Amino acid sequence: MRDKVKDLLQQEEEQSGVLVKGWVRTRRDSKGGFSFIEINDGSCLAGIQVVADHKLESYASASPHLHTGSCVAIKGNLVVSPAKGQKWELQASEISVYGSADAEKYPLQKKQHSFEFLREIAHLRPRTNTFGAVMRVRNRLAYSIHKFFQDRGFVYLHTPIITTSDCEGAGEMFQVTTLDLSKPPVNDGKIDYGHDFFGERTGLTVSGQLEGEIYALALSDIYTFGPTFRAENSNTSRHLAEFWMVEPEMAFYELEDDMDLAEEFVKFLFRDVLENCQEDMEFFNKRINKTILETLRNVVDHEFERIHYSDAIHLLEKSSEKFIYSVEWGCNLQSEHERYLSEKVFKKPVIIYNYPEEIKPFYMKLNEDHETVRAMDVLLPNLGEIIGGSQREDDLDVLHKRMREKELDPEEYWWYLDLRRYGSAPHSGFGLGFERLVQFVTGMENIRDVIPFPRTPKHAKF
RNA sequence: UCCGGUGUGGCGCAAUGGUAGCGCAUGCGGCUGUUAACCGCAGUGUUACAGGUUCGAGUCCUGUCACCGGAGCCA
């Protein structure tokens, strides 16, 4: 059995008969007759220093291959390092090479590379410190999301990826078809989807919310956590065509309960990462964003500010800040407005709720004032919207009326309306963009660098 | 999609319209319980692509493509 670097570095006592397998990060030769080889196996940020005596039988054959990027297996003894810089080192007794890497051609050098360059070599970038750390934190967050909901009795629900329902207002869908696009069947000048695989037009899901509601109104509390697709031509550091979304949906939750859960959720995740990803988080704090630890602790330690949309508009109107987009009741809040509120006014996460009915989708519950709906957005400083949610309209008549106003065909949503027809209940939910969460937690500036293989317009490589 | 910026050795960058350089990496040599090692020497270029202006274009102009930042759409 091999030993993982992470376990070795945590040892309390010296160990003999250790076996390490991993990739060479750097190699430094000493004319004292030995070499220092740093091995990383991805189990943690740090590598382990291997000391290889040139008199070793296996050294002569291995030496030409001990370059950055090569994969090796090393047997030896874990001993206290006599030099500064590390507590432990591995005194090698046998070195074997799995795969060498031509030093003249291997693209990763033992120095910092730009993220733009690393995106072009997405198959090798996980071997860098930053991407190793990002993916370990991403993994911990995914685990932690399940832990949060499972501990509270939520049921993990798998909603379909191929679907006919476009969660209105969520964005453009990718079409899924097996039709021959060079000669599709036509009827009355229109493409006849009756001949398509599913017998009707289908696409990749933009949200599992509507399906989530179905199961919340049976199992009470559910959550989804899966890939989501948007065919928007968005070219920003916060948008992907394929991203992962977490969507809890709870029966008997009103908007206030929804906001409580969202706040508890975010704080739980941040606290968990601070406690369980210390080494990686210290790396981000040192190399990526000098204030990220402070920012996360600040979020964990303080109550989120909660304000009505109307009050947010009032604050923006009376502020002396110069905005590119003017502010008036009924308008959508722009990025600059959201940033101003979370970064300048409150300097912490802000939940804005009770939005005008006109600018929100049909399924959000209408307030008694008939002007606003029970919608809420959680805004984080420097990132913007991370969560969007609402209490859902549970009154059949009101839902019908709102669908007509937004020119939607109730026939297409017959099953959704049935939920209000039979045993309707107040219920709420929200969606959290997983990559935006990873972005915020790691301090990484571009969303393309917190997902293993980013999908953006014109990019589906690897 | 819109606005702005940038495309130069493997990587990061420089070069008033006048002989394309520097750092890192790489190779060789030296030195050292080294650790983003250090010292010396060496190799490395269709200056994104296609046109144009000019005696002369990496530099100016036009178009295309790519990437980055911001905006919109949103999570």
# chains A, B, ... in the order shown; residues from 1 in each chain; ligands from 1

call {"tool": "residues_around", "arguments": {"residues": "Glu328 (chain A)", "least_positions_apart": "5", "cutoff": "9 Å", "atoms": "only C-alpha atoms (C1' of nucleotides)", "output": "PyMOL selection string"}}
result
chain A and resi 313-314+316-317

call {"tool": "write_last_selection", "arguments": {"atoms": "C-alpha atoms", "output": "mmCIF file, in the first residue's frame"}}
result
data_model
loop_
_atom_site.group_PDB
_atom_site.id
_atom_site.type_symbol
_atom_site.label_atom_id
_atom_site.label_comp_id
_atom_site.auth_asym_id
_atom_site.auth_seq_id
_atom_site.Cartn_x
_atom_site.Cartn_y
_atom_site.Cartn_z
ATOM 1 C CA ILE A 313 -34.434 51.804 -4.083
ATOM 2 C CA HIS A 314 -34.819 54.554 -1.512
ATOM 3 C CA LEU A 316 -29.958 54.221 -3.911
ATOM 4 C CA GLU A 317 -32.025 57.271 -4.805
#

call {"tool": "select_by_dssp", "arguments": {"residues": "region 300-330 of chain A", "states": "strand (DSSP E or B)", "output": "NGL selection string"}}
result
:A and (305-308)

call {"tool": "interface_residues", "arguments": {"of": "chain B", "to": "chain A", "cutoff": "12 Å", "atoms": "only C-alpha atoms (C1' of nucleotides)", "output": "PyMOL selection string"}}
result
chain B and resi 1-2+10-12+24-27+30-38+43-44+66-75

call {"tool": "residues_around", "arguments": {"residues": "Gly69 (chain A)", "least_positions_apart": "2", "cutoff": "10 Å", "atoms": "only C-alpha atoms (C1' of nucleotides)", "output": "PyMOL selection string"}}
result
chain A and resi 22-26+39-40+65-67+71-72+99-103+106-110+124+127

call {"tool": "atom_distance", "arguments": {"atom1": "CA of Val79 (chain A)", "atom2": "CA of Ala46 (chain A)"}}
result
16.6 Å

call {"tool": "select_by_dssp", "arguments": {"residues": "region 192-394 of chain A", "states": "alpha helix (DSSP H)", "output": "CSV table (one decimal) with N, CA and C atoms, in the first residue's frame"}}
result
chain,number,residue,atom,x,y,z
A,209,GLN,N,-36.2,23.5,-10.6
A,209,GLN,CA,-37.2,24.1,-9.6
A,209,GLN,C,-38.6,23.5,-9.7
A,210,LEU,N,-39.1,23.6,-10.9
A,210,LEU,CA,-40.5,23.2,-11.1
A,210,LEU,C,-40.7,21.7,-10.7
A,211,GLU,N,-39.8,20.9,-11.1
A,211,GLU,CA,-39.8,19.5,-10.7
A,211,GLU,C,-39.6,19.3,-9.2
A,212,GLY,N,-38.7,20.2,-8.6
A,212,GLY,CA,-38.4,20.2,-7.2
A,212,GLY,C,-39.7,20.5,-6.4
A,213,GLU,N,-40.5,21.4,-6.9
A,213,GLU,CA,-41.8,21.7,-6.2
A,213,GLU,C,-42.7,20.5,-6.1
A,214,ILE,N,-42.7,19.7,-7.2
A,214,ILE,CA,-43.5,18.5,-7.2
A,214,ILE,C,-43.2,17.6,-6.0
A,215,TYR,N,-41.9,17.4,-5.8
A,215,TYR,CA,-41.5,16.5,-4.8
A,215,TYR,C,-41.5,17.1,-3.4
A,216,ALA,N,-41.4,18.5,-3.3
A,216,ALA,CA,-41.5,19.1,-2.0
A,216,ALA,C,-42.9,19.0,-1.5
A,217,LEU,N,-43.9,19.0,-2.5
A,217,LEU,CA,-45.3,18.9,-2.1
A,217,LEU,C,-45.7,17.4,-1.9
A,218,ALA,N,-44.7,16.6,-1.6
A,218,ALA,CA,-45.0,15.2,-1.2
A,218,ALA,C,-44.0,14.7,-0.1
A,219,LEU,N,-42.7,15.2,-0.2
A,219,LEU,CA,-41.7,14.7,0.7
A,219,LEU,C,-41.3,15.9,1.7
A,255,LEU,N,-41.5,33.0,3.0
A,255,LEU,CA,-40.3,33.7,2.6
A,255,LEU,C,-39.3,33.9,3.7
A,256,GLU,N,-39.8,34.2,4.9
A,256,GLU,CA,-38.9,34.5,6.0
A,256,GLU,C,-38.1,33.2,6.3
A,257,ASP,N,-38.8,32.1,6.3
A,257,ASP,CA,-38.1,30.8,6.6
A,257,ASP,C,-37.1,30.5,5.5
A,258,ASP,N,-37.4,30.9,4.3
A,258,ASP,CA,-36.5,30.6,3.1
A,258,ASP,C,-35.2,31.4,3.3
A,259,MET,N,-35.4,32.7,3.7
A,259,MET,CA,-34.2,33.6,4.0
A,259,MET,C,-33.4,33.1,5.1
A,260,ASP,N,-34.1,32.6,6.2
A,260,ASP,CA,-33.3,32.0,7.3
A,260,ASP,C,-32.5,30.8,6.9
A,261,LEU,N,-33.1,30.0,6.1
A,261,LEU,CA,-32.4,28.8,5.6
A,261,LEU,C,-31.2,29.2,4.7
A,262,ALA,N,-31.4,30.1,3.8
A,262,ALA,CA,-30.3,30.5,2.9
A,262,ALA,C,-29.2,31.1,3.7
A,263,GLU,N,-29.4,31.9,4.7
A,263,GLU,CA,-28.4,32.5,5.5
A,263,GLU,C,-27.6,31.4,6.3
A,264,GLU,N,-28.4,30.5,6.9
A,264,GLU,CA,-27.8,29.5,7.7
A,264,GLU,C,-26.9,28.6,6.8
A,265,PHE,N,-27.4,28.3,5.6
A,265,PHE,CA,-26.7,27.5,4.6
A,265,PHE,C,-25.3,28.1,4.3
A,266,VAL,N,-25.4,29.3,3.9
A,266,VAL,CA,-24.1,30.0,3.4
A,266,VAL,C,-23.1,30.0,4.6
A,267,LYS,N,-23.6,30.3,5.8
A,267,LYS,CA,-22.7,30.4,6.9
A,267,LYS,C,-22.1,29.0,7.3
A,268,PHE,N,-23.0,28.0,7.2
A,268,PHE,CA,-22.5,26.6,7.4
A,268,PHE,C,-21.4,26.2,6.5
A,269,LEU,N,-21.6,26.5,5.2
A,269,LEU,CA,-20.6,26.2,4.2
A,269,LEU,C,-19.3,26.9,4.4
A,270,PHE,N,-19.3,28.2,4.7
A,270,PHE,CA,-18.1,28.9,4.9
A,270,PHE,C,-17.4,28.4,6.2
A,271,ARG,N,-18.1,28.2,7.2
A,271,ARG,CA,-17.5,27.7,8.5
A,271,ARG,C,-16.8,26.4,8.3
A,272,ASP,N,-17.5,25.5,7.5
A,272,ASP,CA,-17.0,24.2,7.3
A,272,ASP,C,-15.6,24.3,6.5
A,273,VAL,N,-15.6,25.1,5.5
A,273,VAL,CA,-14.3,25.2,4.7
A,273,VAL,C,-13.2,25.8,5.6
A,274,LEU,N,-13.5,26.8,6.4
A,274,LEU,CA,-12.5,27.4,7.3
A,274,LEU,C,-11.9,26.4,8.2
A,275,GLU,N,-12.8,25.5,8.7
A,275,GLU,CA,-12.3,24.5,9.6
A,275,GLU,C,-11.6,23.3,9.0
A,276,ASN,N,-12.0,22.9,7.8
A,276,ASN,CA,-11.6,21.7,7.2
A,276,ASN,C,-10.6,21.8,6.0
A,278,GLN,N,-8.0,24.2,5.9
A,278,GLN,CA,-7.1,25.3,6.4
A,278,GLN,C,-5.9,25.5,5.6
A,279,GLU,N,-5.2,24.4,5.2
A,279,GLU,CA,-4.0,24.6,4.4
A,279,GLU,C,-4.3,25.3,3.1
A,280,ASP,N,-5.3,24.8,2.4
A,280,ASP,CA,-5.6,25.4,1.1
A,280,ASP,C,-6.1,26.8,1.2
A,281,MET,N,-6.9,27.1,2.3
A,281,MET,CA,-7.4,28.4,2.5
A,281,MET,C,-6.3,29.4,2.8
A,282,GLU,N,-5.3,28.9,3.5
A,282,GLU,CA,-4.2,29.8,3.8
A,282,GLU,C,-3.4,30.1,2.5
A,283,PHE,N,-3.4,29.2,1.7
A,283,PHE,CA,-2.7,29.4,0.3
A,283,PHE,C,-3.5,30.5,-0.4
A,284,PHE,N,-4.8,30.4,-0.5
A,284,PHE,CA,-5.6,31.4,-1.2
A,284,PHE,C,-5.4,32.8,-0.6
A,285,ASN,N,-5.3,32.8,0.7
A,285,ASN,CA,-5.2,34.0,1.4
A,285,ASN,C,-3.8,34.7,1.1
A,286,LYS,N,-2.8,33.8,0.9
A,286,LYS,CA,-1.5,34.3,0.7
A,286,LYS,C,-1.3,34.7,-0.8
A,287,ARG,N,-1.8,33.8,-1.7
A,287,ARG,CA,-1.5,34.0,-3.1
A,287,ARG,C,-2.6,34.6,-4.0
A,292,ILE,N,-9.2,37.1,2.0
A,292,ILE,CA,-10.3,36.1,1.8
A,292,ILE,C,-10.7,35.5,3.1
A,293,LEU,N,-9.7,35.2,4.0
A,293,LEU,CA,-10.0,34.6,5.3
A,293,LEU,C,-10.8,35.6,6.2
A,294,GLU,N,-10.4,36.8,6.2
A,294,GLU,CA,-11.1,37.8,6.9
A,294,GLU,C,-12.5,38.0,6.4
A,295,THR,N,-12.7,38.0,5.1
A,295,THR,CA,-14.0,38.2,4.5
A,295,THR,C,-14.9,37.0,4.9
A,296,LEU,N,-14.4,35.8,4.8
A,296,LEU,CA,-15.3,34.6,5.1
A,296,LEU,C,-15.7,34.7,6.6
A,297,ARG,N,-14.7,35.0,7.5
A,297,ARG,CA,-15.0,35.0,8.9
A,297,ARG,C,-16.0,36.1,9.2
A,298,ASN,N,-15.9,37.2,8.4
A,298,ASN,CA,-16.9,38.3,8.6
A,298,ASN,C,-18.3,37.9,8.2
A,299,VAL,N,-18.4,37.1,7.2
A,299,VAL,CA,-19.7,36.6,6.8
A,299,VAL,C,-20.3,35.7,7.8
A,300,VAL,N,-19.4,34.8,8.3
A,300,VAL,CA,-19.9,33.8,9.3
A,300,VAL,C,-20.3,34.5,10.6
A,301,ASP,N,-19.6,35.6,11.0
A,301,ASP,CA,-19.9,36.2,12.3
A,301,ASP,C,-21.0,37.2,12.4
A,309,TYR,N,-37.0,45.6,-1.2
A,309,TYR,CA,-36.6,46.2,-2.5
A,309,TYR,C,-36.9,47.7,-2.5
A,310,SER,N,-38.1,48.1,-1.9
A,310,SER,CA,-38.5,49.5,-1.9
A,310,SER,C,-37.5,50.3,-1.1
A,311,ASP,N,-37.0,49.8,0.0
A,311,ASP,CA,-36.0,50.5,0.8
A,311,ASP,C,-34.7,50.6,0.1
A,312,ALA,N,-34.4,49.5,-0.6
A,312,ALA,CA,-33.1,49.5,-1.4
A,312,ALA,C,-33.1,50.6,-2.4
A,313,ILE,N,-34.3,50.7,-3.1
A,313,ILE,CA,-34.4,51.8,-4.1
A,313,ILE,C,-34.3,53.2,-3.4
A,314,HIS,N,-34.9,53.3,-2.2
A,314,HIS,CA,-34.8,54.6,-1.5
A,314,HIS,C,-33.4,54.9,-1.2
A,315,LEU,N,-32.6,53.9,-0.7
A,315,LEU,CA,-31.2,54.1,-0.3
A,315,LEU,C,-30.4,54.5,-1.6
A,316,LEU,N,-30.7,53.9,-2.7
A,316,LEU,CA,-30.0,54.2,-3.9
A,316,LEU,C,-30.3,55.6,-4.4
A,317,GLU,N,-31.6,56.0,-4.3
A,317,GLU,CA,-32.0,57.3,-4.8
A,317,GLU,C,-31.4,58.4,-4.0
A,318,LYS,N,-31.3,58.2,-2.7
A,318,LYS,CA,-30.8,59.4,-1.9
A,318,LYS,C,-29.2,59.3,-1.8
A,335,SER,N,-25.8,45.6,-11.5
A,335,SER,CA,-24.6,45.1,-10.8
A,335,SER,C,-24.1,46.3,-9.9
A,336,GLU,N,-24.0,47.5,-10.5
A,336,GLU,CA,-23.4,48.6,-9.7
A,336,GLU,C,-24.3,48.9,-8.5
A,337,HIS,N,-25.6,48.8,-8.6
A,337,HIS,CA,-26.5,49.0,-7.5
A,337,HIS,C,-26.3,48.0,-6.4
A,338,GLU,N,-26.2,46.7,-6.8
A,338,GLU,CA,-26.0,45.6,-5.8
A,338,GLU,C,-24.7,45.8,-5.1
A,339,ARG,N,-23.7,46.1,-5.9
A,339,ARG,CA,-22.4,46.3,-5.3
A,339,ARG,C,-22.3,47.4,-4.3

call {"tool": "residues_around", "arguments": {"residues": "G51 (chain B)", "least_positions_apart": "4", "cutoff": "12 Å", "atoms": "only C-alpha atoms (C1' of nucleotides)", "output": "MDAnalysis selection string"}}
result
chainID B and resid 61:64

call {"tool": "closest_residue", "arguments": {"among": "A:Pro227, A:Gly389, A:Gly203, A:Gly194", "to": "Gly429 (chain A)", "atoms": "only C-alpha atoms"}}
result
A:Gly389

call {"tool": "atom_distance", "arguments": {"atom1": "CA of Thr224 (chain A)", "atom2": "CA of Phe252 (chain A)"}}
result
18.0 Å

call {"tool": "residues_around", "arguments": {"residues": "Cys44 (chain A)", "least_positions_apart": "2", "cutoff": "10 Å", "atoms": "only C-alpha atoms (C1' of nucleotides)", "output": "number ranges by chain"}}
result
A: 4-7, 9, 40-42, 46-47, 129, 132-133, 136, 277, 279-280

call {"tool": "atom_distance", "arguments": {"atom1": "CA of Leu408 (chain A)", "atom2": "CA of Phe430 (chain A)"}}
result
22.3 Å
